[in-house]
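Below: one structure, written as structure tokens.
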Amino acid sequence: MAVSAKAIKTRIKSVKNTKKITKAMEMVSAAKMRRSVDAALATRMYANLCLELLHHLSHIDEPNVAFLQKRPVQNILLIPITSNRGLCGSFNSNVIKQAGRFLADKQNIAAFRDKDGEEILPEGDVKVDILGVGKKSALIAKRNNLDLVAVFDKLSEKPSYDDILPITQMITEGFIEKKYDKIALIYTHFESTLKQTVKVRQLLPVSESEIRKMIDQLPHAVQEVEKKEEDFFPIENYLFEPTMEEILEMVLPRLIEVQLFEAVLESAASEHSARMMAMKNASEAAGEMIDSLTLTFNKARQAAITQEISEIAGGAAALE
Amino acid sequence: MPIDFKVVTPYGVGYEDEVEKVTIPTTTGAITVHETHAPLISILEPGEMNIHKLDGSVVNLAVTGGFLEVRSQSRVYIMADTAERAEEIDIEQAQRAIERAQELLKQQDQLADIDFAKLQAQIEREMARISVGKKYRNAK
């Protein structure tokens with residue numbers, strides 16, 4: 001019995017060490033979470049107004065503008081946003097799962113409706129490439145046997161606007177050179193510390209129906225702005241200064257950047273929240289485990305004492 | 001009908017209020033937007049924005065590029081890269097930033113076009129900030 005008591009003791013010690021680590025990680029994540037959530041929330045209003053502006057601009061029927069060009073889809077570029085590090089609960093696996101769903105449905109996703117509402121199906125098989133953000137995104141390409149174009153894993157804890165410019169430059173070039181016919185983004189939307197949802201967003205081409213869908217999905221803060229939008233003013237009657245072409249040329253790339261920037265910030269906020277919750281749960285589980293192990297340890301110790309006493313008593317009885 | 005006016009930047013809401021009219025620097029010159037202005041989309045230029053509040057007072061903001069959308073029913077949304085109140089501008093810091101940028105421009109003749117353009121844009125932005133900041137200081 002004595003041996004088992006000792007084994008339990010070492011076990012308790014090791015669990016206690018683990019608890020210390022998870023507790024420390026919880027504190028660190030909590031601090032990071034606060035910062036990244038603030039950053040994400042600060043950007044929301046900007047991103048929402050930009051998205052609405054993009055929605056208005058998407059009504060423009062101007063096939064010569066590269067970003068508005070819808071062509072039959074053969075190549076898709078998928079941008080999943082994951083974290084660099086693990087131990088953040090189901091944060092990464094949710095993104096990977098969503099990517100899997102996206103890939104399973106790629107023929108359907110490649111289809112789009114033209115302005116007469118007619119469905120245009122892709123010609124032949126659709127090829128998907130991955131441009132990852134965060135180290136874990138490489139897994140998606142590996143598991144699904146896809147080409148990995150690039151991985152951006154140098155985004156800092158608090159990404160700044162300039163950090164995402166190389167990414168947007170790469171994707172807009174890819175789209176304009178017709179290397180890719182559709183560019184989609186998978187990111188985690190931060191709803192609250194407890195709830196984060198994975199979302200798919202089509203970046204290019206700029207499509208009215210896709211943006212409509214995005215706006216509808218967004219939480220209440222946005223709806224408030226958007227509700228007043230019911231009496232929508234037709235884009236043809238808008239004034240453009242200096243000219244529509246110049247506006248589109250200058251504003252559209254910027255709006256694409258904003259969407260990516262927002263997605264990166266939302267993902268960062270979600271990542272830190274997910275990690276904090278995961279670490280909190282781990283610390284709690286470790287606490288419970290220590291309690292139950294201590295109980296078993298006390299029982300074992302008591303059993304050993306009882307046994308010793310009965311042995312002594314037995315020995316004394318034999319002497320009499 | 002007062003104007004529902006918002007200045008937003010990627011790093012937060014810069015200004016939000018109901019106002020009477022507002023003067024905005026755009027690439028085609030400064031424009032003043034009154035209530036029920038026709039919907040408009042335009043590009044911002046680094047410069048000074050004057051917001052005339054309902055009570056008659058004026059708020060001056062320094063903006064550094066971006067774009068704006070005037071929607072129907074007197075809604076004016078400015079999506080600026082940065083927006084600062086005139087009284088918050090640190091003129092000396094802006095001056096130093098200009099000097100730094102100019103030095104960089106001088107030092108490296110073989111700057112990539114992109115870096116060159118970036119520095120130029122930065123100088124332009126800081127100049128706009130300084131002019132707004134100085135104006136406010138003199139008025140005081």
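Naming scheme: A, B, ... for chains in displayed order of the structure tokens; residues 1 onward per chain; ligands 1 onward as shown.
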Within 12 Å of Arg96 in chain B, counting only C-alpha atoms, which residues qualify if same-chain residues fewer than 4 places away don't, as an MDAnalysis selection string? chainID B and resid 90:92 100:103 122:123 126:127 130
Can you list every residue of chain A that has an atom at most 6 Å from chain B, with its nearest atom pair and the distance in Å to one decimal, using only C-alpha atoms, ordered by chain then number, as JSON lines?
```
{"residue": "A:Ala42", "atom": "CA", "partner": "B:Gly12", "partner_atom": "CA", "distance": 4.2}
{"residue": "A:Thr43", "atom": "CA", "partner": "B:Pro10", "partner_atom": "CA", "distance": 5.0}
{"residue": "A:Tyr46", "atom": "CA", "partner": "B:Val8", "partner_atom": "CA", "distance": 5.2}
{"residue": "A:Tyr238", "atom": "CA", "partner": "B:Pro39", "partner_atom": "CA", "distance": 5.0}
{"residue": "A:Leu239", "atom": "CA", "partner": "B:Leu40", "partner_atom": "CA", "distance": 4.4}
{"residue": "A:Phe240", "atom": "CA", "partner": "B:Ile41", "partner_atom": "CA", "distance": 5.2}
{"residue": "A:Glu241", "atom": "CA", "partner": "B:Ser42", "partner_atom": "CA", "distance": 4.9}
```
Contacts of range 31-40 of chain A within 7 Å, only C-alpha atoms, excl. fewer than 5 positions in-chain, as a ChimeraX atom specification: /A:158,262,265-266,268-269,272-273 /B:11
Dump N, CA, C and O atoms for the selected residues as a compact mmCIF listing (two decimals), in the first residue's frame?
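Wrote it out as selection01.txt, contents follow:
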```txt
# COMPACT_ATOMS: atom_id res chain seq x y z
N LYS A 158 -0.61 41.95 -32.39
CA LYS A 158 -1.61 42.96 -32.73
C LYS A 158 -1.32 43.43 -34.14
O LYS A 158 -0.50 44.31 -34.36
N GLU A 262 -9.91 43.21 -41.25
CA GLU A 262 -10.91 42.92 -40.23
C GLU A 262 -10.90 41.43 -39.88
O GLU A 262 -10.94 41.05 -38.71
N LEU A 265 -8.05 40.59 -37.65
CA LEU A 265 -8.26 41.05 -36.27
C LEU A 265 -9.31 40.21 -35.55
O LEU A 265 -9.13 39.84 -34.38
N GLU A 266 -10.38 39.89 -36.26
CA GLU A 266 -11.42 39.05 -35.65
C GLU A 266 -10.84 37.70 -35.27
O GLU A 266 -11.12 37.17 -34.20
N ALA A 268 -7.72 37.03 -34.60
CA ALA A 268 -6.80 37.17 -33.47
C ALA A 268 -7.58 37.24 -32.16
O ALA A 268 -7.24 36.57 -31.18
N ALA A 269 -8.66 38.01 -32.17
CA ALA A 269 -9.49 38.12 -30.96
C ALA A 269 -10.07 36.76 -30.61
O ALA A 269 -10.07 36.34 -29.44
N HIS A 272 -7.30 34.32 -29.14
CA HIS A 272 -6.92 34.54 -27.75
C HIS A 272 -8.06 34.18 -26.80
O HIS A 272 -7.82 33.66 -25.72
N SER A 273 -9.28 34.46 -27.23
CA SER A 273 -10.41 34.06 -26.38
C SER A 273 -10.48 32.55 -26.26
O SER A 273 -10.69 32.01 -25.18
N TYR B 11 -8.63 52.10 -36.86
CA TYR B 11 -8.28 51.90 -35.46
C TYR B 11 -9.33 52.47 -34.51
O TYR B 11 -9.05 52.67 -33.34
```
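The helix (DSSP H, G or I) portion of range 154-211 of chain A consists of Tyr161, Asp162, Asp163, Ile164, Leu165, Pro166, Ile167, Thr168, Gln169, Met170, Ile171, Thr172, Glu173, Gly174, Phe175, Ile176, Glu208, Ser209, Glu210 and Ile211 of chain A, with states taken from DSSP on the backbone.
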Taking the chain letters and numbering used in this document, name the residues of range 17-82 of chain B that DSSP puts in strand (DSSP E or B), as a count of residues only. 45
